[in-house]
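Asker: Below: one structure in C-alpha cells.
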Amino acid sequence: MSIFDLVNPFSYITPLHADDEEVEASEVAAVVASDPVEETAAADEPEEVEEEEEAVEEEEEEEEEEYEDHAPAIKEACGDTLSCKSLKHHYEECAARVDDGSKESCAEELLHFMHCVDQCAAPQIFDKLK
C-alpha cells in the first residue's frame with residue numbers, strides 16, 4: 001500500500017447517485033438509445049448540422065496548420081550549450097552505468113539537466129510567442 005492509496009484528492013466530491021443502486025453500463029446505453037428527444041432533433045435537419053460540423057472542422061484544421069511549435073528545437077539547442085553540456089555528460093554517463101547493470105537511478109542527473117535546459121529555453125520560447 002502506498003501513500004497515494006491513503007490520500008484521495010476527490011474525497012470531498014460525492015457521487016452523482018450516492019443513494020441509488022449501481023446502474024450498469026448496458027442499462028444506461030438502453031436509456032440513451034431510446035431517448036425520443038435525440039431522435040426528433042436528428043430527424044429535423046440533419047443536412048444543416050452536417051454542414052456546420054464540416055465548417056467547424058475546416059476552421060480547426062486551418063488553425064492547427066498555422067501553429068508551429070519552436071520549443072523542441074530551442075530545448076535541443078539549449079541542451080548543447082556550454083552551461084548544460086556538462087550536466088548532459090553526467091546524465092549520459094549515469095545512463096551508461098545503468099545500461100551496464102548498475103541499480104542506481106539517474107533521476108537526479110536528469111532533473112539537473114532538464115532544469116538547466118528549461119532555464120536556458122524559457123526566455124527564448126516566450127520571445128517566440130505571438
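Just so we're on the same page: first chain in the C-alpha cells is A, next is B, and so on; residues restart at 1 for each chain, and ligands are numbered from 1 in the order they show up.
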Can you write out as a tab-separated table which residues of stretch 54-93 of chain A fall within 10 Å of stretch 106-124 of chain A, alongside each residue's closest atom pair and its distance in Å to one decimal, counting only C-alpha atoms and ordering rows by chain and ascending residue number?
Answerer:
residue	atom	partner	partner_atom	distance
A:His70	CA	A:Gln124	CA	9.3
A:Ala71	CA	A:Ala121	CA	7.6
A:Pro72	CA	A:Ala121	CA	9.4
A:Ala73	CA	A:Ala121	CA	9.6
A:Ile74	CA	A:Ala121	CA	6.0
A:Lys75	CA	A:Ala121	CA	5.6
A:Glu76	CA	A:Val117	CA	8.2
A:Ala77	CA	A:Ala121	CA	8.5
A:Cys78	CA	A:Val117	CA	5.5
A:Gly79	CA	A:Val117	CA	5.6
A:Asp80	CA	A:Val117	CA	9.0
A:Thr81	CA	A:Cys120	CA	8.9
A:Ser83	CA	A:Cys116	CA	7.5
A:Cys84	CA	A:Cys116	CA	5.8
A:Lys85	CA	A:Phe113	CA	8.5
A:Ser86	CA	A:Phe113	CA	8.7
A:Leu87	CA	A:Phe113	CA	5.2
A:Lys88	CA	A:Phe113	CA	5.8
A:His89	CA	A:Phe113	CA	9.2
A:His90	CA	A:Glu109	CA	6.6
A:Tyr91	CA	A:Glu109	CA	5.0
A:Glu92	CA	A:Glu109	CA	8.8
A:Glu93	CA	A:Cys106	CA	9.4
Asker: In stretch 70-117 of chain A, what's helix (DSSP H, G or I) per DSSP? Answer as a ChimeraX atom specification?
Answerer: /A:71-79,82-99,107-117
